[in-house]
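Okay, final_20.txt is below, compact mmCIF, C-alpha atoms and all ligand atoms:
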# COMPACT_ATOMS: atom_id res chain seq x y z
CA MET A 1 0.00 0.00 0.00
CA SER A 2 1.39 3.41 -0.91
CA ALA A 3 1.94 6.01 1.77
CA LEU A 4 -0.71 8.13 0.08
CA SER A 5 -3.47 5.49 0.21
CA ARG A 6 -2.53 4.53 3.76
CA ARG A 7 -2.87 8.15 4.79
CA HIS A 8 -6.14 8.30 2.91
CA LEU A 9 -7.42 5.25 4.82
CA VAL A 10 -6.35 6.69 8.15
CA THR A 11 -8.10 9.95 7.33
CA MET A 12 -11.22 8.07 6.29
CA ALA A 13 -11.20 6.01 9.49
CA ALA A 14 -10.85 9.13 11.59
CA GLY A 15 -13.69 10.71 9.66
CA LEU A 16 -15.92 7.68 10.20
CA ALA A 17 -15.10 7.61 13.90
CA ALA A 18 -16.01 11.28 14.14
CA VAL A 19 -19.30 10.69 12.30
CA ALA A 20 -20.10 7.68 14.47
CA ALA A 21 -19.43 9.75 17.59
CA VAL A 22 -21.82 12.54 16.64
CA PRO A 23 -25.18 10.95 17.50
CA ARG A 24 -23.93 9.87 20.91
CA ALA A 25 -22.63 13.35 21.69
CA VAL A 26 -25.90 14.93 20.54
CA PHE A 27 -27.93 12.48 22.63
CA ALA A 28 -25.77 13.12 25.69
CA GLN A 29 -26.64 16.81 25.50
CA ALA A 30 -30.37 16.31 25.07
CA PRO A 31 -32.56 17.61 26.56
CA ALA A 32 -30.70 20.89 26.47
CA ALA A 33 -29.64 21.92 29.94
CA ALA A 34 -28.22 25.29 30.74
CA PRO A 35 -24.54 25.10 31.74
CA ALA A 36 -24.21 24.18 35.39
CA ALA A 37 -23.76 27.32 37.42
CA ALA A 38 -22.80 27.55 41.04
CA GLY A 39 -25.43 29.52 42.88
CA PRO A 40 -28.04 29.58 45.58
CA PHE A 41 -30.30 26.94 44.00
CA VAL A 42 -29.42 23.29 44.57
CA LEU A 43 -30.78 20.10 43.03
CA PRO A 44 -32.07 18.03 45.96
CA PRO A 45 -30.55 14.54 45.81
CA LEU A 46 -32.90 11.60 45.45
CA THR A 47 -33.23 9.65 48.71
CA TYR A 48 -33.65 6.35 46.81
CA PRO A 49 -31.89 4.73 43.85
CA THR A 50 -33.12 5.58 40.35
CA ASN A 51 -34.29 1.97 39.85
CA ALA A 52 -36.39 2.03 43.03
CA PHE A 53 -39.67 2.25 41.12
CA GLU A 54 -39.15 -0.32 38.40
CA PRO A 55 -41.18 -1.59 36.64
CA HIS A 56 -43.57 1.35 37.22
CA ILE A 57 -40.99 4.03 36.42
CA ASP A 58 -37.75 2.90 34.78
CA ALA A 59 -34.31 3.94 36.00
CA LYS A 60 -33.42 5.77 32.76
CA THR A 61 -36.52 7.95 33.03
CA MET A 62 -35.64 8.74 36.66
CA GLU A 63 -32.04 9.61 35.73
CA ILE A 64 -33.06 11.93 32.91
CA HIS A 65 -36.00 13.42 34.81
CA HIS A 66 -34.03 14.25 37.94
CA GLY A 67 -30.50 14.63 36.59
CA ARG A 68 -31.31 16.59 33.43
CA HIS A 69 -34.80 18.12 33.53
CA HIS A 70 -34.90 19.15 37.19
CA ALA A 71 -31.18 19.97 37.07
CA ALA A 72 -31.82 22.28 34.11
CA TYR A 73 -34.45 24.24 36.06
CA VAL A 74 -31.94 24.65 38.91
CA ALA A 75 -29.15 25.72 36.54
CA ASN A 76 -31.46 28.21 34.83
CA LEU A 77 -32.41 29.69 38.22
CA ASN A 78 -28.76 30.08 39.17
CA ASN A 79 -28.13 31.89 35.89
CA VAL A 80 -31.02 34.28 36.57
CA ALA A 81 -29.76 34.79 40.14
CA LYS A 82 -26.37 35.98 38.82
CA THR A 83 -27.96 39.23 37.69
CA ASN A 84 -30.83 39.13 40.22
CA PRO A 85 -29.20 38.04 43.51
CA GLN A 86 -32.35 38.82 45.50
CA LEU A 87 -33.95 35.80 43.81
CA GLY A 88 -31.58 33.43 45.56
CA SER A 89 -32.02 34.97 48.99
CA SER A 90 -35.84 35.08 48.92
CA ALA A 91 -38.07 32.30 50.22
CA ILE A 92 -39.36 30.23 47.29
CA LEU A 93 -42.93 30.34 48.64
CA ASN A 94 -42.83 34.16 48.71
CA VAL A 95 -41.42 34.47 45.19
CA LEU A 96 -43.91 32.04 43.64
CA GLY A 97 -46.77 33.61 45.57
CA ASN A 98 -45.89 37.09 44.24
CA LEU A 99 -44.74 36.59 40.65
CA ASN A 100 -46.22 39.93 39.61
CA ALA A 101 -43.76 41.70 41.90
CA LEU A 102 -40.90 40.52 39.66
CA ASN A 103 -39.42 42.56 36.81
CA ASP A 104 -40.86 41.64 33.44
CA ASP A 105 -37.48 40.52 32.10
CA ILE A 106 -37.26 37.62 34.58
CA LYS A 107 -40.92 36.91 35.37
CA PHE A 108 -41.38 34.25 32.70
CA ALA A 109 -38.11 32.45 33.50
CA VAL A 110 -38.84 32.46 37.24
CA ARG A 111 -42.41 31.24 36.73
CA ASN A 112 -41.22 28.27 34.66
CA ASN A 113 -37.99 27.37 36.40
CA LEU A 114 -38.83 28.13 40.03
CA GLY A 115 -42.25 26.54 39.49
CA GLY A 116 -40.47 23.51 38.03
CA HIS A 117 -37.98 23.42 40.91
CA ALA A 118 -40.77 23.56 43.51
CA ASN A 119 -42.97 21.01 41.74
CA HIS A 120 -40.18 18.48 41.27
CA THR A 121 -38.84 18.92 44.81
CA MET A 122 -42.33 18.00 46.07
CA PHE A 123 -42.58 15.16 43.53
CA TRP A 124 -39.35 13.39 44.59
CA GLU A 125 -40.29 13.87 48.25
CA ILE A 126 -43.73 12.25 48.07
CA MET A 127 -42.42 9.19 46.23
CA GLY A 128 -40.46 6.34 47.76
CA PRO A 129 -40.10 2.57 47.79
CA ASN A 130 -42.30 0.63 50.24
CA GLY A 131 -44.56 3.64 50.51
CA GLY A 132 -47.25 1.97 52.60
CA LYS A 133 -50.89 3.00 52.54
CA PRO A 134 -52.81 6.14 53.42
CA GLU A 135 -53.99 6.09 57.00
CA GLY A 136 -54.93 8.34 59.91
CA GLU A 137 -55.83 11.96 59.22
CA VAL A 138 -54.87 11.83 55.53
CA LEU A 139 -57.15 8.87 54.90
CA ALA A 140 -59.95 10.55 56.85
CA ALA A 141 -59.56 13.70 54.71
CA ILE A 142 -59.52 11.61 51.51
CA ASP A 143 -62.73 9.91 52.62
CA LYS A 144 -64.37 13.19 53.60
CA ASP A 145 -63.28 15.50 50.76
CA LEU A 146 -62.45 13.20 47.85
CA GLY A 147 -65.03 10.42 48.23
CA GLY A 148 -62.67 7.67 49.42
CA MET A 149 -59.52 6.14 47.92
CA GLU A 150 -61.08 4.53 44.86
CA LYS A 151 -62.95 7.64 43.76
CA PHE A 152 -59.93 9.82 44.62
CA GLN A 153 -57.58 7.76 42.47
CA ASN A 154 -60.05 7.58 39.58
CA ASP A 155 -60.73 11.33 39.68
CA PHE A 156 -57.02 12.18 40.05
CA ASN A 157 -56.10 9.95 37.09
CA ALA A 158 -58.94 11.41 35.01
CA ALA A 159 -57.83 14.98 35.79
CA GLY A 160 -54.24 14.11 34.89
CA GLY A 161 -55.43 12.57 31.65
CA ARG A 162 -57.50 15.65 30.75
CA GLN A 163 -54.59 18.06 31.28
CA PHE A 164 -53.84 19.08 27.68
CA GLY A 165 -50.13 18.98 26.90
CA SER A 166 -47.61 19.40 29.69
CA GLY A 167 -48.61 20.01 33.28
CA TRP A 168 -49.40 18.59 36.68
CA VAL A 169 -52.26 17.10 38.63
CA PHE A 170 -52.21 18.03 42.33
CA VAL A 171 -54.05 17.46 45.55
CA THR A 172 -54.19 20.88 47.18
CA VAL A 173 -54.56 21.26 50.94
CA THR A 174 -55.81 24.18 53.02
CA LYS A 175 -54.66 25.10 56.53
CA GLU A 176 -57.87 23.49 57.75
CA GLY A 177 -56.77 20.25 56.06
CA LYS A 178 -59.36 20.32 53.27
CA LEU A 179 -58.30 18.52 50.09
CA ALA A 180 -59.10 19.16 46.41
CA ILE A 181 -57.89 17.82 43.06
CA GLU A 182 -56.52 20.56 40.78
CA THR A 183 -54.46 20.67 37.58
CA ARG A 184 -51.99 23.27 36.31
CA PRO A 185 -50.33 23.69 32.89
CA ASN A 186 -46.57 23.74 32.30
CA GLN A 187 -44.66 24.22 35.59
CA ASP A 188 -47.31 26.32 37.28
CA SER A 189 -47.88 25.54 40.95
CA PRO A 190 -50.83 26.01 43.29
CA ILE A 191 -48.41 28.16 45.32
CA MET A 192 -48.81 30.80 42.58
CA ASP A 193 -52.50 31.10 43.56
CA GLY A 194 -51.84 31.23 47.28
CA LYS A 195 -52.65 27.53 47.59
CA ARG A 196 -50.50 24.59 48.63
CA ALA A 197 -49.86 21.17 47.12
CA LEU A 198 -50.09 18.16 49.40
CA MET A 199 -48.95 15.88 46.58
CA GLY A 200 -48.94 15.77 42.81
CA ASN A 201 -48.05 13.83 39.70
CA ASP A 202 -46.04 15.12 36.74
CA VAL A 203 -47.86 14.51 33.44
CA TRP A 204 -45.19 16.02 31.19
CA GLU A 205 -44.21 13.43 28.57
CA HIS A 206 -40.65 13.46 29.97
CA ALA A 207 -42.06 11.78 33.10
CA TYR A 208 -43.21 8.66 31.27
CA TYR A 209 -42.46 8.61 27.54
CA LEU A 210 -39.58 6.07 27.49
CA ASN A 211 -41.74 3.41 29.13
CA TYR A 212 -45.27 4.39 28.24
CA GLN A 213 -44.98 6.46 25.02
CA ASN A 214 -48.45 8.00 24.50
CA ARG A 215 -50.12 5.86 27.20
CA ARG A 216 -50.41 8.53 29.89
CA ALA A 217 -53.39 6.74 31.47
CA ASP A 218 -51.24 3.63 32.12
CA TYR A 219 -48.51 5.78 33.70
CA LEU A 220 -51.06 7.57 35.91
CA LYS A 221 -52.37 4.21 37.17
CA ALA A 222 -48.90 2.72 37.75
CA TRP A 223 -47.60 5.85 39.51
CA TRP A 224 -49.68 5.09 42.63
CA ASN A 225 -47.21 2.26 43.33
CA THR A 226 -44.51 4.89 43.93
CA VAL A 227 -46.29 7.12 46.46
CA ASN A 228 -44.71 7.38 49.91
CA TRP A 229 -47.75 7.76 52.15
CA SER A 230 -45.79 8.46 55.32
CA LYS A 231 -44.28 11.53 53.56
CA VAL A 232 -47.76 12.58 52.43
CA ALA A 233 -48.92 12.27 56.05
CA GLU A 234 -45.98 14.44 57.19
CA ARG A 235 -46.89 17.06 54.60
CA TYR A 236 -50.53 16.97 55.67
CA ALA A 237 -49.58 17.61 59.29
CA ALA A 238 -47.23 20.41 58.19
CA ALA A 239 -49.98 22.02 56.09
CA LYS A 240 -52.28 22.13 59.12
CA ALA A 241 -49.45 23.53 61.26
CA GLY A 242 -48.69 26.20 58.63
CA THR A 243 -45.16 24.89 58.10
CA LEU A 244 -45.47 23.07 54.76
CA GLY A 245 -42.50 23.78 52.45
CA VAL A 246 -42.69 23.53 48.67
MN MN3 A 301 -40.96 16.74 35.23

Entire entry expressed as structure tokens:
Amino acid sequence: MSALSRRHLVTMAAGLAAVAAVPRAVFAQAPAAAPAAAGPFVLPPLTYPTNAFEPHIDAKTMEIHHGRHHAAYVANLNNVAKTNPQLGSSAILNVLGNLNALNDDIKFAVRNNLGGHANHTMFWEIMGPNGGKPEGEVLAAIDKDLGGMEKFQNDFNAAGGRQFGSGWVFVTVTKEGKLAIETRPNQDSPIMDGKRALMGNDVWEHAYYLNYQNRRADYLKAWWNTVNWSKVAERYAAAKAGTLGV
């Protein structure tokens, strides 16, 4: 083989390797996350392994959902906080409850990313392996306000199914402990309306698409296997005490 053709082959091989590497690199960057920025907002670590909910929610979905989607909201917030440091030093509940007090140039970003941060922080908290069953005051409130567990789950799943496009289905809770099923689009939160979420399920496609594709109803049904009812009970008690976080 001449030196010329050998060099040609080497060049071709390098070119092929580069081409072959492209899809992987593109996939690794998707979904697009803002560059990680040190700042006041922190991604809360999961308290269980990403495969804890298989087969109901697969590990890959958990990794991408927590490590990329939620992480992107946190990174975006830290970028906004660079030029708006007061954002990082304010209580999340106060900011979300007073979005109209924000400057127009950051209002939209804060609504989406701080709403997303709050919603997902709640979401990871109220899920867990070996989550038990509803009991005590929470069960009594479900019976009283939501017509019992079976009707509650059916109505919650139906509301989540009706939410057009991306959004959330929540159970809101008042200081008196009264429960209601409510939905919100995008990353909006009941906190934005002066209400509080006891629990909620994410019906964005990123929450279920790898496993369930278009079958949101199947995901909504299976998700009940991931609920940590002792955490929900803690949140219920906190709501009545006026100390419920996001
Ligand atoms: Mn999500």

Around stretch 231-235 of chain A, fit a box with edges along x, y and z, padding it by 4 Å on each side, then list its centre and edge lengths in Å to one decimal as JSON.
{"center_x": -46.6, "center_y": 14.3, "center_z": 54.8, "size_x": 12.6, "size_y": 13.5, "size_z": 12.8}

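Compared by their closest atoms to A:Pro55, and using all atoms listed in the file, the residues A:Pro129, A:Pro185, A:Pro40, A:Gly161 rank with A:Pro129 nearest.
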
Inset, instruction - Dump the neighbourhood of ligand MN3 301 (chain A) as a ChimeraX atom specification: all residues within 7 Å, distances computed on all atoms listed in the file. - result: /A:65,69-70,120,202,204,206-207

Quick one: residues within 8 Å of (-35.8, 9.8, 46.4) (file frame), counting only C-alpha atoms, please, as a PDB file with C-alpha atoms, keeping the file's coordinate frame.
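Output contents, as saved in part_28.pdb:
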ATOM      1  CA  PRO A  45     -30.550  14.540  45.810  1.00  0.00           C
ATOM      2  CA  LEU A  46     -32.900  11.600  45.450  1.00  0.00           C
ATOM      3  CA  THR A  47     -33.230   9.650  48.710  1.00  0.00           C
ATOM      4  CA  TYR A  48     -33.650   6.350  46.810  1.00  0.00           C
ATOM      5  CA  PRO A  49     -31.890   4.730  43.850  1.00  0.00           C
ATOM      6  CA  THR A  50     -33.120   5.580  40.350  1.00  0.00           C
ATOM      7  CA  TRP A 124     -39.350  13.390  44.590  1.00  0.00           C
ATOM      8  CA  GLU A 125     -40.290  13.870  48.250  1.00  0.00           C
ATOM      9  CA  MET A 127     -42.420   9.190  46.230  1.00  0.00           C
ATOM     10  CA  GLY A 128     -40.460   6.340  47.760  1.00  0.00           C
TER      11      GLY A 128
END

Inset, instruction - Tell me which protein, DNA and RNA residues are within 10 Å of stretch 227-234 of chain A, counting all atoms listed in the file, leaving out same-chain ones fewer than 6 positions away, and put them as a VMD selection string. - result: chain A and resid 53 122 to 139 198 to 201 244

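Among the candidate residues A:Gln163, A:Thr243, A:Thr174, A:Gln187, the one lying nearest to A:Arg216 is A:Gln163, with distances computed using all atoms listed in the file.
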
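Using all atoms listed in the file, the shortest contact distance between A:Gly67 and any of A:Ile106, A:Leu179, A:Leu43, A:Asn154 is found at A:Leu43.
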
Inset, instruction - Find the residues near A:Gln86: any atom within 12 Å, counting all atoms listed in the file, skip ones fewer than 4 places away on the same chain, and give them as a list in words. - result: Gly39, Pro40, Leu77, Asn78, Val80, Ala81, Lys82, Ser90, Ala91, Ile92, Asn94, Val95, Leu102 and Asn103 of chain A

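Counting from atom CA of A:Arg235, the distance to atom CA of A:Lys144 is 17.9 Å.
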
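Minimum distance to A:Ile64 across A:Tyr219, A:Tyr236, A:Tyr208, A:Trp224 (counting only C-alpha atoms) occurs at A:Tyr208.
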
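Restricting the calculation to only C-alpha atoms, the smallest distance between A:Gly194 and any of A:Pro85, A:Gly245, A:Gly177, A:Gly97 is found for A:Gly97.
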
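The space between atom CA of A:Asn112 and atom CA of A:Leu146 spans 29.2 Å.
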
Legend entry - Computed interatomic separation between atom CA of A:Ala238 and atom CA of A:Gly88 (Å): 24.0 Å

Inset, instruction - Could you check which of A:Val171, A:Val74, A:Val246, A:Ala101 is closest to A:Asn113, using all atoms listed in the file? - result: A:Val74

Inset, instruction - Find the spatial neighbours of A:Glu205, counting only C-alpha atoms, within a cut-off of 9 Å - ignore same-chain residues fewer than 6 positions away - and output them as JSON, numbers by chain. - result: {"A": [165, 166, 213, 214, 216]}

Legend entry - Residues within 12 Å of (-53.8, 25.1, 38.3), file coords, all atoms listed in the file, listed as number ranges by chain: A: 115, 159-160, 163, 167-172, 180-197, 200

Can you patch up stretch 114-131 of chain A, filling it in to N, CA, C and O atoms, and show the result as a PDB file, in the frame of the given file?
ATOM      1  N   LEU A 114     -38.618  28.270  38.586  1.00  0.00           N
ATOM      2  CA  LEU A 114     -38.830  28.130  40.030  1.00  0.00           C
ATOM      3  C   LEU A 114     -40.090  27.279  40.281  1.00  0.00           C
ATOM      4  O   LEU A 114     -40.132  26.486  41.227  1.00  0.00           O
ATOM      5  N   GLY A 115     -41.093  27.432  39.414  1.00  0.00           N
ATOM      6  CA  GLY A 115     -42.250  26.540  39.490  1.00  0.00           C
ATOM      7  C   GLY A 115     -41.815  25.097  39.295  1.00  0.00           C
ATOM      8  O   GLY A 115     -42.211  24.199  40.049  1.00  0.00           O
ATOM      9  N   GLY A 116     -40.972  24.869  38.291  1.00  0.00           N
ATOM     10  CA  GLY A 116     -40.470  23.510  38.030  1.00  0.00           C
ATOM     11  C   GLY A 116     -39.642  22.979  39.184  1.00  0.00           C
ATOM     12  O   GLY A 116     -39.758  21.803  39.554  1.00  0.00           O
ATOM     13  N   HIS A 117     -38.813  23.831  39.766  1.00  0.00           N
ATOM     14  CA  HIS A 117     -37.980  23.420  40.910  1.00  0.00           C
ATOM     15  C   HIS A 117     -38.873  23.031  42.095  1.00  0.00           C
ATOM     16  O   HIS A 117     -38.681  21.986  42.718  1.00  0.00           O
ATOM     17  N   ALA A 118     -39.874  23.842  42.385  1.00  0.00           N
ATOM     18  CA  ALA A 118     -40.770  23.560  43.510  1.00  0.00           C
ATOM     19  C   ALA A 118     -41.581  22.276  43.244  1.00  0.00           C
ATOM     20  O   ALA A 118     -41.679  21.404  44.113  1.00  0.00           O
ATOM     21  N   ASN A 119     -42.143  22.174  42.052  1.00  0.00           N
ATOM     22  CA  ASN A 119     -42.970  21.010  41.740  1.00  0.00           C
ATOM     23  C   ASN A 119     -42.178  19.705  41.824  1.00  0.00           C
ATOM     24  O   ASN A 119     -42.642  18.712  42.384  1.00  0.00           O
ATOM     25  N   HIS A 120     -40.964  19.718  41.268  1.00  0.00           N
ATOM     26  CA  HIS A 120     -40.180  18.480  41.270  1.00  0.00           C
ATOM     27  C   HIS A 120     -39.633  18.156  42.652  1.00  0.00           C
ATOM     28  O   HIS A 120     -39.523  16.986  43.017  1.00  0.00           O
ATOM     29  N   THR A 121     -39.297  19.172  43.443  1.00  0.00           N
ATOM     30  CA  THR A 121     -38.840  18.920  44.810  1.00  0.00           C
ATOM     31  C   THR A 121     -39.936  18.202  45.603  1.00  0.00           C
ATOM     32  O   THR A 121     -39.674  17.221  46.317  1.00  0.00           O
ATOM     33  N   MET A 122     -41.178  18.679  45.446  1.00  0.00           N
ATOM     34  CA  MET A 122     -42.330  18.000  46.070  1.00  0.00           C
ATOM     35  C   MET A 122     -42.482  16.578  45.524  1.00  0.00           C
ATOM     36  O   MET A 122     -42.674  15.620  46.277  1.00  0.00           O
ATOM     37  N   PHE A 123     -42.355  16.449  44.203  1.00  0.00           N
ATOM     38  CA  PHE A 123     -42.580  15.160  43.530  1.00  0.00           C
ATOM     39  C   PHE A 123     -41.625  14.084  44.045  1.00  0.00           C
ATOM     40  O   PHE A 123     -42.044  12.989  44.424  1.00  0.00           O
ATOM     41  N   TRP A 124     -40.314  14.393  44.095  1.00  0.00           N
ATOM     42  CA  TRP A 124     -39.350  13.390  44.590  1.00  0.00           C
ATOM     43  C   TRP A 124     -39.623  13.072  46.051  1.00  0.00           C
ATOM     44  O   TRP A 124     -39.410  11.952  46.497  1.00  0.00           O
ATOM     45  N   GLU A 125     -40.081  14.075  46.806  1.00  0.00           N
ATOM     46  CA  GLU A 125     -40.290  13.870  48.250  1.00  0.00           C
ATOM     47  C   GLU A 125     -41.456  12.927  48.524  1.00  0.00           C
ATOM     48  O   GLU A 125     -41.393  12.106  49.441  1.00  0.00           O
ATOM     49  N   ILE A 126     -42.533  13.048  47.748  1.00  0.00           N
ATOM     50  CA  ILE A 126     -43.730  12.250  48.070  1.00  0.00           C
ATOM     51  C   ILE A 126     -43.697  10.872  47.401  1.00  0.00           C
ATOM     52  O   ILE A 126     -44.672  10.131  47.501  1.00  0.00           O
ATOM     53  N   MET A 127     -42.578  10.546  46.749  1.00  0.00           N
ATOM     54  CA  MET A 127     -42.420   9.190  46.230  1.00  0.00           C
ATOM     55  C   MET A 127     -41.359   8.461  47.045  1.00  0.00           C
ATOM     56  O   MET A 127     -40.485   9.082  47.655  1.00  0.00           O
ATOM     57  N   GLY A 128     -41.446   7.131  47.061  1.00  0.00           N
ATOM     58  CA  GLY A 128     -40.460   6.340  47.760  1.00  0.00           C
ATOM     59  C   GLY A 128     -40.825   4.879  47.693  1.00  0.00           C
ATOM     60  O   GLY A 128     -42.001   4.535  47.527  1.00  0.00           O
ATOM     61  N   PRO A 129     -39.815   4.010  47.803  1.00  0.00           N
ATOM     62  CA  PRO A 129     -40.100   2.570  47.790  1.00  0.00           C
ATOM     63  C   PRO A 129     -40.802   2.162  49.090  1.00  0.00           C
ATOM     64  O   PRO A 129     -40.632   2.816  50.124  1.00  0.00           O
ATOM     65  N   ASN A 130     -41.579   1.113  49.052  1.00  0.00           N
ATOM     66  CA  ASN A 130     -42.300   0.630  50.240  1.00  0.00           C
ATOM     67  C   ASN A 130     -43.096   1.746  50.886  1.00  0.00           C
ATOM     68  O   ASN A 130     -42.983   2.008  52.079  1.00  0.00           O
ATOM     69  N   GLY A 131     -43.890   2.426  50.062  1.00  0.00           N
ATOM     70  CA  GLY A 131     -44.560   3.640  50.510  1.00  0.00           C
ATOM     71  C   GLY A 131     -45.761   3.457  51.403  1.00  0.00           C
ATOM     72  O   GLY A 131     -46.341   4.442  51.864  1.00  0.00           O
TER      73      GLY A 131
END
